[in-house]
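Data block below; observations after.
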2 protein chains.
Amino acid sequence: MSYKRTHDCGTLTAQNIGETVLLSGWVHRRRDHGGLIFIDLRDRFGLTQIVFHPEVAQDMHTLAGDLRSEWVIAVKGKVVARGEGMTNPKLKTGAVEIETSHLEILSKAKTPPFSICDENLNVNEELRLTYRYLDIRRGEIAERLVVRHKTMLAIRNHLDGHRFLEITTPILGKSTPEGARDYLVPSRIYPGTFFALPQSPQIFKQLLMISGMDRYFQIATCFRDEDLRSDRQPEFTQIDLEMSFGSQEELFPMIEEMMGGIFKQCIGVNIQGPFRQITFRDSMERYGTDKPDLRFGMELVRIDAIAKKSSFSVFLDQLQEGCVIKGICVKGGAEASRRIIDGYTQFVGHLGAKGLAWMKMQEGALVSNIVKFFDKAVQEELIAAFQAEEGDLLLFVASNENTTNMALDHLRRHIAKESGLIDKNRYEFAWITEFPLVHWDKDSQTYAAEHHPFTMPYLEDIPLLDSEPQKVRSSSYDLVLNGYELGSGSQRIHSGELQEKIFRMLKLSEEDIKKRFGFFIEALQYGTPPHLGIALGVDRIVMLLTHSESLRDVIAFPKTQRATDLMMDAPSEVLKEQLTELKIHVEPPEV
Amino acid sequence: MSYKRTHDCGTLTAQNIGETVLLSGWVHRRRDHGGLIFIDLRDRFGLTQIVFHPEVAQDMHTLAGDLRSEWVIAVKGKVVARGEGMTNPKLKTGAVEIETSHLEILSKAKTPPFSICDENLNVNEELRLTYRYLDIRRGEIAERLVVRHKTMLAIRNHLDGHRFLEITTPILGKSTPEGARDYLVPSRIYPGTFFALPQSPQIFKQLLMISGMDRYFQIATCFRDEDLRSDRQPEFTQIDLEMSFGSQEELFPMIEEMMGGIFKQCIGVNIQGPFRQITFRDSMERYGTDKPDLRFGMELVRIDAIAKKSSFSVFLDQLQEGCVIKGICVKGGAEASRRIIDGYTQFVGHLGAKGLAWMKMQEGALVSNIVKFFDKAVQEELIAAFQAEEGDLLLFVASNENTTNMALDHLRRHIAKESGLIDKNRYEFAWITEFPLVHWDKDSQTYAAEHHPFTMPYLEDIPLLDSEPQKVRSSSYDLVLNGYELGSGSQRIHSGELQEKIFRMLKLSEEDIKKRFGFFIEALQYGTPPHLGIALGVDRIVMLLTHSESLRDVIAFPKTQRATDLMMDAPSEVLKEQLTELKIHVEPPEV
């Protein structure tokens, strides 16, 4: 018997009754019932019920007696209606079953280390990652991989329609360390030298613009050897694109349309452009973050000026020290108990805020242990600033600007989540624009590029480059969705002179510039078109599309947070001869 | 003035006359003529002639006087008809020119190290690779990159239509050395251990079948640290695919249709399936190679039995020693001079053949210095075997089977090329099937997998596995085109027991098997569907589509034959701190 299927396991309905079919798949569940053997046969597309009647085929019924979970079989038989009361409306194939005339066992299976068919599974992630191929078989990850495939195809066809060319750039590149660490690859032919895996194809895509390729994209694997905090992967996937002679006004609608296509094709959701645009400054002011979750309000309000009119010494002292005072208004939050507010105080405490002041709007007035420090008129100003209404709760943080913003950003999202303010099926995109070009890096005591060193400064801010670089805005932009950064991009510098000036401002030495970026600065001098681009995280997009909790859930074979592959046991030791050929030694472990 | 284009440089025709347009691009050529300045403005899409009249805009005419080759400019102006006798029918835009009212210089350019606009360029490849971005600008490589983009998109949409999912597999994997060397990546978190870059996603794609993903594909980057002979690249691109519950009968037409789609969409050529199928044995017999060029005849003919009847001692001695005698018939080749035949003899001499016997059909009979050793009846047999006609030339090699095949394969192609027998616009595909499972490797004194160790043997040949493994045929297949192997694939082993048996036959120790493939053999035991797949070389396909001479011509940023990137200077030295973090030392160079 051949195992060539006539149908997959998710297709047959009452319309197929009477047909002879051949199905192949895995034994999902088996039940023996009144002399009959029932098998739920499974593949990626669904489940179909298979029945073995001793009267229909005695030998096949006997053979079916051997079947165990996860064996792979092929069955031939007739599609028949299920008996009355036996249909399963939840299943697409729930109206029918297969009366089997032939069974072939294609391969047997050991008992898996965890159940494939139980919907709720309580095993640790390590075991699931070690047997990733069985975890995928359970279906949830498989569905996400389907969405991932659809996402990538939607992107490619969309960009092809806008005359972008997908161009593969090298994985074996040059180490130009900055930001994250490079993964290195020793060269055997030139001992002592190394390739580096790309942190992004940034330089290549700019070279492609210099090459005149006009519009480039790539769904590119990128690498960062980081200490993996929270949810990062050492290798990750980006939609990387770049266009010549364009502007944000052309780029934004194209990306918006692309996101619309992805959401429509993958999860059937309509996304409407244009996305709102918020400057970095505005976003920090109103949300305390450059990746605001816009599915709910509860915006941050700065009350420095109002607080100054109070006699509350905590606020006054903080203002004296150059701190800021901001607050949020929790609608209907006045019912919060002392315990709950203490919880919030602890929450912001972990984020560095030394305290959390609060006021409640109750019976038409502000109520709090600190209200006495605010006279009536000042209270009215506060009420107006927050548009506070009966039953609302005001929460305040007074600290340096960073801490205040971070604490209130987290608190805002924490309370929204807790109070069910977040609609999981709402998608609020925004462009964050006008990022500063650089920030002061305390550790290295230098200015560091906010986006990356190839970002174009605002032309009108260029005079500030030497005097007050931190005030220079850049032509860069982030795309954010529901509190996540999907990616960022910028207009690039297309002048070799300006590029060198920026490198020098970032305190790269002449030698360093030459060694690491010399070829690129030279390339910029042979006629570089104005160009801009963006890179978006594919893993993150798929995670949001599928409401997954971790990037690991949307990658077929992910690494752990300690950057290991538990399934294949990598990284691992290699043969001595391999290292001898590469002429490298490993330092013996410390005793 | 904005540089936002209304049109690209390859679009405007007489139909646009009278329109005001904005074009951006590179100064390709400049001519001053009768007080006017003419610029050929270039982008990826074509050339458009730009004119500066002093009467139309004196200041712009003056500014245009500064323009030099490769400067990037934006111009605004009116589309007008070219003067009589000034049109250029070779150019799509050759009927019109732009009467410029505004010019903006977007960026200047140093004089490039080689000309961008000269069609014939005589500079060495090293210089072109160092300035790859300028070489791409010349247009030829750019066109190939467009074909490459179209090829990849055609593949993706075709496979999506057949329910294949593109699934990204890891680049940071495990070293399981065999065949070629792995590129290694030291782990910083676990000093002394290494990741390896994948030579192919073979194990991952089989795991995806075990996962139940049913049909997988990926346009995947693969890596081999080889000593680069001829035309190889350390990183290359494969269309990698795998399907469950399928067979060659399903796979072949799908790939044929995919190739048809690529050829149609990329170069407008119709390819008709089904492709002919030739067994490995047959192909070696008739063409001396497993990748025959089928665009012409001149097949190899074995004449052992006929030669035995001659008295030509060279042939008889060779036969005695177990050699074979094969020949080809060069149609109309009898005019070849002594010098030409001596050339052929030298040619096969370089390939290890000690001599080349020849006969000519002239005036109805065989003519040669050795004809006397063949009596009339034997001569008739020879004539019949080669279907030799008046004016043909017969060439014979007598050596061991490998040498004879190799020499005649090369000679056959050499003569065909020389005599113009090859139609460059003909595409002759074939499947080569029934490869042997293993071959005897003299160096290691073991059997080595012909395809790879996961290949399924022919079921009826399995009893020979222990006794005569070299006689076991495998369910593997190559796709060949015009003398090139495009890729190969096979039905895979889906039983852990059989897989272990094959590993043992290949003389992998138990420990080795466990260490390198243990997780995979275990995976095979949890219910593995029958599955098969193929991997095709994208670079090679694009090379054949574009009639390119080297893989380097179809890769945006290729490596040299010494595995270096001349443009960015990689591999290169890295910072001491980088190696310290990785806890590896480089052996000092020998003095």
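Identifiers in this document derive from the order of the structure tokens: chains are assigned A, B, ..., residues are numbered from 1 separately in each chain, and ligands are numbered from 1 in order of occurrence.
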Taking 6 positions as the minimum chain separation for residues in the same chain, which residues sit within 12 Å of Arg413 of chain B when counting only C-alpha atoms? Answer as an MDAnalysis selection string.
chainID B and resid 287:289 291:300 328 330 344 347:348 406:407 419:422 482:483
Within 8 Å of Pro529 of chain A, counting only C-alpha atoms, which residues show up once you throw out same-chain ones fewer than 5 positions away? Write them as a PDB file with N, CA and C atoms, in the first residue's frame, please.
```pdb
ATOM      1  N   MET A 209      23.009  50.948  -1.639  1.00  0.00           N
ATOM      2  CA  MET A 209      22.477  52.222  -2.135  1.00  0.00           C
ATOM      3  C   MET A 209      23.551  52.952  -2.940  1.00  0.00           C
ATOM      4  N   ILE A 210      24.789  52.914  -2.434  1.00  0.00           N
ATOM      5  CA  ILE A 210      25.901  53.516  -3.170  1.00  0.00           C
ATOM      6  C   ILE A 210      26.094  52.796  -4.507  1.00  0.00           C
ATOM      7  N   SER A 244      16.733  54.616  -1.827  1.00  0.00           N
ATOM      8  CA  SER A 244      17.433  55.828  -2.240  1.00  0.00           C
ATOM      9  C   SER A 244      16.433  56.879  -2.698  1.00  0.00           C
ATOM     10  N   PHE A 245      16.830  58.135  -2.613  1.00  0.00           N
ATOM     11  CA  PHE A 245      16.030  59.260  -3.106  1.00  0.00           C
ATOM     12  C   PHE A 245      14.633  59.294  -2.482  1.00  0.00           C
ATOM     13  N   HIS A 494      24.811  60.916   3.937  1.00  0.00           N
ATOM     14  CA  HIS A 494      25.334  60.511   2.636  1.00  0.00           C
ATOM     15  C   HIS A 494      26.554  61.323   2.229  1.00  0.00           C
TER      16      HIS A 494
ATOM     17  N   GLY B  25      19.578  60.804 -10.007  1.00  0.00           N
ATOM     18  CA  GLY B  25      20.464  59.716 -10.404  1.00  0.00           C
ATOM     19  C   GLY B  25      21.910  60.172 -10.485  1.00  0.00           C
ATOM     20  N   VAL B  72      25.889  62.765  -7.863  1.00  0.00           N
ATOM     21  CA  VAL B  72      24.471  62.434  -7.727  1.00  0.00           C
ATOM     22  C   VAL B  72      23.674  63.736  -7.771  1.00  0.00           C
ATOM     23  N   LEU B 106      23.267  66.598  -5.260  1.00  0.00           N
ATOM     24  CA  LEU B 106      22.979  65.894  -4.001  1.00  0.00           C
ATOM     25  C   LEU B 106      24.257  65.377  -3.361  1.00  0.00           C
ATOM     26  N   SER B 107      25.188  64.911  -4.189  1.00  0.00           N
ATOM     27  CA  SER B 107      26.508  64.611  -3.628  1.00  0.00           C
ATOM     28  C   SER B 107      27.535  64.497  -4.733  1.00  0.00           C
TER      29      SER B 107
END
```
Nearest to Pro234 of chain B, chosen from A:Phe557, A:Phe195, A:Phe52, A:Tyr216, with only C-alpha atoms counted in the distances:
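Closest candidate: A:Phe195.
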Using only C-alpha atoms, find the one residue out of A:Ala81, A:Ala154, A:Cys323, A:Leu356 that sits nearest to Gly260 of chain A.
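Closest to Gly260 of chain A, using only C-alpha atoms: A:Ala154.
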Give me the residues within 12 Å of Leu103 of chain B as a PyMOL selection string, counting only C-alpha atoms and dropping any in the same chain fewer than 3 places off.
chain B and resi 1-3+22-25+39+50-52+57-67+72-77+98-100+106
Considering only alpha helix (DSSP H) as DSSP defines it on the backbone, what residues of segment 70-179 of chain B qualify? List them as an NGL selection string.
:B and (125-130 or 132-137 or 140-161)
Out of segment 353-475 of chain A, which residues get strand (DSSP E) from DSSP, as a VMD selection string?
chain A and resid 357 to 362 365 to 367 393 to 399 429 to 433 438 to 441 446 to 449
What's around Ala95 of chain A at 12 Å? Count only C-alpha atoms, leave out sequence neighbours fewer than 3 positions away in its own chain, and write the answer as a VMD selection string.
chain A and resid 10 to 17 47 to 49 79 to 92 98
Using only C-alpha atoms, which residue out of A:Ala353, A:Leu479, A:Arg232, A:Gly496 lies closest to Phe519 of chain A?
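Ranking A:Ala353, A:Leu479, A:Arg232, A:Gly496 by distance to Phe519 of chain A, first place goes to A:Gly496.
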